[in-house]
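Structure first, then comments.
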Amino acid sequence: IEQAQQEWMQSVDAVHHPMMVHDDRFRILRCNRAYAVRAGRSYHDLIGRPYWESFPKGTGPLPGCQANVDAVVQNGRATHPEERFTLDTGEIFISRAFAIRDPSHRFLKALHIFEDVTEASRKEENLRRLATELTEAQRLARIGNWELELGSGNITWSEEIYRIFGRDPGSPAPGFGERIFTQESDARLRNAMDETLRTGAPYELDAELVRADGSTRWITARGAVKHNLQGGVSGL
């Protein structure tokens with residue numbers, strides 16, 4: 001049993017995410033090496049302390065953690081909350097809590113796993129910023145784009161494409177069965193797209209579109225194939 005416990009602790013210490021177990025008073029019962037390093041204290045110094053004195057520091061338990069304990073105590077149901085918090089350093093973590101109960105569903109302790117999502121959050125924020133900048137640039141230049149995924153058949157329109165066609169950006173993008181060009185332009189555009197998919201050569205042509213109110217407008221349409229990681233054609 002002692003060897004099994006030692007092997008278990010070695011396994012937990014191999015996890016690079018900080019992990020700790022607390023009791024119903026939020027005092028640390030167990031933690032892995034990553035948690036001790038993050039908290040800046042030794043394992044033995046952490047045991048028995050309320051976790052908010054070490055990591056994540058605060059004046060009390062995380063709101064979701066408190067709610068999880070309350071839910072188990074009141075009705076025997078764990079909520080397994082996932083909550084995001086930001087440290088004074090600007091680092092962003094996600095905490096996932098799992099209640100551990102006895103056979104009668106009374107709360108015994110809770111396991112917390114903390115994942116550092118700082119870099120991922122920054123990348124998401126940068127992507128949102130770039131998307132906003134692209135939308136504004138397209139609006140100013142009156143240029144829009146659309147994409148077709150061949151595997152799923154999904155069509156995605158940019159906001160400016162909706163404006164150009166006089167359609168509500170909140171509505172689904174029209175499918176290929178819906179006429180959004182005059183008959184002559186629709187035929188030329190479909191032929192150009194088929195040729196691009198067949199040869200891989202991009203197309204460019206002038207086409208007359210039909211707006212939602214029935215009016216028409218001339219645009220220049222350009223298209224090229226998209227490739228997947230294997231080099232095959234995945235869309236337009």
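Scheme for the structure tokens: letters A, B, ... for chains in order shown; per-chain residue numbers from 1; ligand numbers from 1 in order shown.
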Exercise. Pick out the residues sitting within 7 Å of Arg84 (chain A), and hand them over as a list in words; count only C-alpha atoms, and ignore anything fewer than 5 positions along from it in its own chain.
Key: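 In the requested form, the answer reads Phe93, Ile94 and Ser95 of chain A.
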Find the spatial neighbours of region 47-64 of chain A, counting only C-alpha atoms, within a cut-off of 12 Å - ignore same-chain residues fewer than 3 positions away - and output them as an mmCIF file with C-alpha atoms, in the first residue's frame.
```cif
data_model
loop_
_atom_site.group_PDB
_atom_site.id
_atom_site.type_symbol
_atom_site.label_atom_id
_atom_site.label_comp_id
_atom_site.auth_asym_id
_atom_site.auth_seq_id
_atom_site.Cartn_x
_atom_site.Cartn_y
_atom_site.Cartn_z
ATOM 1 C CA PRO A 18 -0.959 22.839 -10.137
ATOM 2 C CA MET A 19 -3.303 20.490 -8.239
ATOM 3 C CA MET A 20 -4.497 20.469 -4.633
ATOM 4 C CA VAL A 21 -7.137 18.865 -2.432
ATOM 5 C CA HIS A 22 -8.933 20.833 0.294
ATOM 6 C CA ASP A 23 -11.409 19.970 3.052
ATOM 7 C CA ASP A 24 -14.774 21.584 3.811
ATOM 8 C CA ARG A 25 -12.979 24.534 5.438
ATOM 9 C CA PHE A 26 -10.828 24.972 2.340
ATOM 10 C CA ARG A 27 -7.670 23.834 4.104
ATOM 11 C CA ILE A 28 -5.103 22.106 1.907
ATOM 12 C CA LEU A 29 -4.893 18.347 2.479
ATOM 13 C CA ARG A 30 -2.733 17.376 -0.476
ATOM 14 C CA CYS A 31 -0.990 19.090 -3.356
ATOM 15 C CA ASN A 32 1.377 18.215 -6.153
ATOM 16 C CA ALA A 34 3.555 22.104 -9.374
ATOM 17 C CA TYR A 35 1.153 23.615 -6.835
ATOM 18 C CA ALA A 36 3.893 24.012 -4.220
ATOM 19 C CA VAL A 37 6.141 25.703 -6.764
ATOM 20 C CA ARG A 38 3.343 28.009 -7.863
ATOM 21 C CA ALA A 39 2.505 28.849 -4.234
ATOM 22 C CA GLY A 40 6.144 29.432 -3.353
ATOM 23 C CA ARG A 41 5.938 27.249 -0.248
ATOM 24 C CA SER A 42 7.089 23.793 0.709
ATOM 25 C CA TYR A 43 4.640 20.906 0.684
ATOM 26 C CA HIS A 44 4.672 20.623 4.493
ATOM 27 C CA ALA A 67 -20.682 27.255 -4.522
ATOM 28 C CA ASN A 68 -19.488 23.707 -5.157
ATOM 29 C CA VAL A 69 -19.082 22.980 -1.451
ATOM 30 C CA ASP A 70 -22.434 24.609 -0.629
ATOM 31 C CA ALA A 71 -24.206 22.564 -3.317
ATOM 32 C CA ALA A 78 -21.587 18.685 -6.987
ATOM 33 C CA THR A 79 -21.517 21.447 -9.572
ATOM 34 C CA HIS A 80 -17.941 20.787 -10.763
ATOM 35 C CA PRO A 81 -17.408 24.473 -11.508
ATOM 36 C CA GLU A 82 -14.939 25.797 -14.001
ATOM 37 C CA GLU A 83 -13.981 29.385 -13.411
ATOM 38 C CA ARG A 84 -11.407 31.797 -14.734
ATOM 39 C CA PHE A 85 -9.378 34.132 -12.576
ATOM 40 C CA THR A 86 -6.590 36.618 -13.196
ATOM 41 C CA LEU A 87 -3.615 37.127 -10.901
ATOM 42 C CA ASP A 88 -2.067 40.508 -10.084
ATOM 43 C CA THR A 89 0.733 39.537 -12.471
ATOM 44 C CA GLU A 91 -1.555 35.621 -15.599
ATOM 45 C CA ILE A 92 -4.864 33.933 -16.357
ATOM 46 C CA PHE A 93 -5.870 30.558 -14.945
ATOM 47 C CA ILE A 94 -8.867 28.244 -15.213
ATOM 48 C CA SER A 95 -9.785 26.377 -12.046
ATOM 49 C CA ARG A 96 -11.662 23.086 -12.310
ATOM 50 C CA ALA A 97 -13.060 21.703 -9.060
ATOM 51 C CA PHE A 98 -14.315 18.173 -8.389
ATOM 52 C CA ALA A 99 -16.125 17.326 -5.168
ATOM 53 C CA ALA A 110 -12.498 18.712 -3.301
ATOM 54 C CA LEU A 111 -9.821 18.387 -5.931
ATOM 55 C CA HIS A 112 -8.753 21.522 -7.785
ATOM 56 C CA ILE A 113 -6.792 21.562 -11.030
ATOM 57 C CA PHE A 114 -5.426 24.919 -12.158
ATOM 58 C CA GLU A 115 -4.556 25.441 -15.823
ATOM 59 C CA ASP A 116 -2.499 28.411 -16.968
#
```
Practice problem: Give the strand (DSSP E or B) residues of region 6-79 of chain A, as DSSP finds them on the backbone, and put them as a PyMOL selection string. | Solution: chain A and resi 19-22+27-31+50
Output N, CA, C and O atoms for every residue in that selection, as a CSV table (one decimal), in the first residue's frame.
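For reference, result-v8.csv as written:
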```
chain,number,residue,atom,x,y,z
A,19,MET,N,-2.2,21.2,-8.7
A,19,MET,CA,-3.3,20.5,-8.2
A,19,MET,C,-3.3,20.5,-6.7
A,19,MET,O,-2.2,20.4,-6.1
A,20,MET,N,-4.4,20.6,-6.1
A,20,MET,CA,-4.5,20.5,-4.6
A,20,MET,C,-5.9,20.0,-4.2
A,20,MET,O,-6.9,20.1,-5.0
A,21,VAL,N,-5.9,19.4,-3.0
A,21,VAL,CA,-7.1,18.9,-2.4
A,21,VAL,C,-7.4,19.6,-1.1
A,21,VAL,O,-6.5,19.8,-0.3
A,22,HIS,N,-8.6,20.1,-0.9
A,22,HIS,CA,-8.9,20.8,0.3
A,22,HIS,C,-10.1,20.2,1.0
A,22,HIS,O,-10.9,19.5,0.4
A,27,ARG,N,-9.1,24.0,3.7
A,27,ARG,CA,-7.7,23.8,4.1
A,27,ARG,C,-7.0,22.8,3.2
A,27,ARG,O,-7.6,21.8,2.9
A,28,ILE,N,-5.8,23.0,2.8
A,28,ILE,CA,-5.1,22.1,1.9
A,28,ILE,C,-4.8,20.8,2.6
A,28,ILE,O,-4.2,20.8,3.7
A,29,LEU,N,-5.2,19.7,2.0
A,29,LEU,CA,-4.9,18.3,2.5
A,29,LEU,C,-3.8,17.7,1.7
A,29,LEU,O,-3.0,16.9,2.3
A,30,ARG,N,-3.7,17.9,0.4
A,30,ARG,CA,-2.7,17.4,-0.5
A,30,ARG,C,-2.5,18.4,-1.6
A,30,ARG,O,-3.3,19.2,-1.9
A,31,CYS,N,-1.3,18.3,-2.2
A,31,CYS,CA,-1.0,19.1,-3.4
A,31,CYS,C,0.2,18.4,-4.1
A,31,CYS,O,0.9,17.6,-3.5
A,50,PRO,N,-5.5,27.4,4.7
A,50,PRO,CA,-6.5,27.8,3.7
A,50,PRO,C,-5.8,28.1,2.4
A,50,PRO,O,-4.8,28.8,2.4
```
Self-check item: Gap from CA of Ala173 (chain A) to CA of Ser121 (chain A) - Å, one decimal
Solution: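 Calculated distance between CA of Ala173 (chain A) and CA of Ser121 (chain A) is 29.0 Å.
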Quiz item: For Pro169 (chain A), which of A:Val210, A:Arg142, A:Val73, A:Trp157 is the closest residue, counting only C-alpha atoms?
Solution: A:Trp157
Quiz item: Hey, what does DSSP flag as alpha helix (DSSP H) within region 107-191 of chain A? Can you give it to me as a ChimeraX atom specification?
Solution: /A:118-141,159-164,183-191
Given the selection you just returned, output its residues as a file containing C-alpha atoms, formatted as a compact mmCIF listing (two decimals), in the first residue's frame.
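Contents of selection13.txt, freshly written:
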```txt
# COMPACT_ATOMS: atom_id res chain seq x y z
CA THR A 118 -2.49 33.10 -20.22
CA GLU A 119 -0.88 32.46 -23.59
CA ALA A 120 -4.03 30.94 -25.08
CA SER A 121 -6.11 33.88 -23.81
CA ARG A 122 -3.70 36.38 -25.32
CA LYS A 123 -3.81 34.57 -28.65
CA GLU A 124 -7.62 34.57 -28.53
CA GLU A 125 -7.63 38.28 -27.76
CA ASN A 126 -5.22 38.96 -30.62
CA LEU A 127 -7.41 36.94 -32.99
CA ARG A 128 -10.49 38.92 -31.89
CA ARG A 129 -8.59 42.17 -32.38
CA LEU A 130 -7.37 41.14 -35.83
CA ALA A 131 -10.89 40.04 -36.80
CA THR A 132 -12.25 43.43 -35.71
CA GLU A 133 -9.53 45.25 -37.64
CA LEU A 134 -10.19 43.13 -40.74
CA THR A 135 -13.91 43.83 -40.53
CA GLU A 136 -13.27 47.57 -40.30
CA ALA A 137 -10.74 47.48 -43.13
CA GLN A 138 -13.20 45.63 -45.36
CA ARG A 139 -15.93 48.12 -44.50
CA LEU A 140 -13.73 51.08 -45.45
CA ALA A 141 -12.49 49.43 -48.64
CA GLU A 159 -19.86 41.21 -42.59
CA GLU A 160 -18.96 43.37 -45.58
CA ILE A 161 -20.18 40.71 -48.03
CA TYR A 162 -23.56 40.88 -46.28
CA ARG A 163 -23.56 44.67 -46.69
CA ILE A 164 -22.59 44.45 -50.35
CA GLN A 183 -28.56 34.38 -64.58
CA GLU A 184 -25.73 35.23 -66.97
CA SER A 185 -23.31 36.21 -64.18
CA ASP A 186 -24.26 33.20 -62.10
CA ALA A 187 -23.40 30.85 -64.97
CA ARG A 188 -20.02 32.52 -65.62
CA LEU A 189 -19.15 32.52 -61.91
CA ARG A 190 -20.00 28.86 -61.47
CA ASN A 191 -17.92 27.93 -64.50
```
Practice problem: Please provide the set of residues having any atom within 12 Å of Asp102 (chain A), restricted to only C-alpha atoms, with same-chain residues fewer than 4 positions apart removed, written as a PyMOL selection string. | Solution: chain A and resi 72-73+76+106-110
Emit the selected residues as a PDB file, in the first residue's frame, including N, CA and C atoms.
```
ATOM      1  N   VAL A  72     -22.981  20.640  -2.500  1.00  0.00           N
ATOM      2  CA  VAL A  72     -22.861  19.277  -1.976  1.00  0.00           C
ATOM      3  C   VAL A  72     -23.445  19.195  -0.576  1.00  0.00           C
ATOM      4  N   VAL A  73     -23.146  20.192   0.263  1.00  0.00           N
ATOM      5  CA  VAL A  73     -23.639  20.190   1.639  1.00  0.00           C
ATOM      6  C   VAL A  73     -25.154  20.285   1.670  1.00  0.00           C
ATOM      7  N   GLY A  76     -26.348  17.465  -1.812  1.00  0.00           N
ATOM      8  CA  GLY A  76     -25.579  16.291  -2.203  1.00  0.00           C
ATOM      9  C   GLY A  76     -25.147  16.278  -3.646  1.00  0.00           C
ATOM     10  N   ARG A 106     -22.166  12.942   1.427  1.00  0.00           N
ATOM     11  CA  ARG A 106     -21.687  14.067   2.220  1.00  0.00           C
ATOM     12  C   ARG A 106     -20.328  14.507   1.702  1.00  0.00           C
ATOM     13  N   PHE A 107     -20.110  15.795   1.752  1.00  0.00           N
ATOM     14  CA  PHE A 107     -18.859  16.347   1.232  1.00  0.00           C
ATOM     15  C   PHE A 107     -17.681  15.919   2.097  1.00  0.00           C
ATOM     16  N   LEU A 108     -16.636  15.441   1.447  1.00  0.00           N
ATOM     17  CA  LEU A 108     -15.404  15.089   2.148  1.00  0.00           C
ATOM     18  C   LEU A 108     -14.286  16.071   1.821  1.00  0.00           C
ATOM     19  N   LYS A 109     -14.065  16.263   0.547  1.00  0.00           N
ATOM     20  CA  LYS A 109     -13.000  17.147   0.098  1.00  0.00           C
ATOM     21  C   LYS A 109     -13.221  17.467  -1.371  1.00  0.00           C
ATOM     22  N   ALA A 110     -12.377  18.328  -1.888  1.00  0.00           N
ATOM     23  CA  ALA A 110     -12.498  18.712  -3.301  1.00  0.00           C
ATOM     24  C   ALA A 110     -11.116  18.774  -3.927  1.00  0.00           C
TER      25      ALA A 110
END
```
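Using only C-alpha atoms for every distance, the candidate list A:His16, A:Arg222, A:Arg217, A:Arg179 yields A:Arg222 as the residue closest to Glu204 (chain A).
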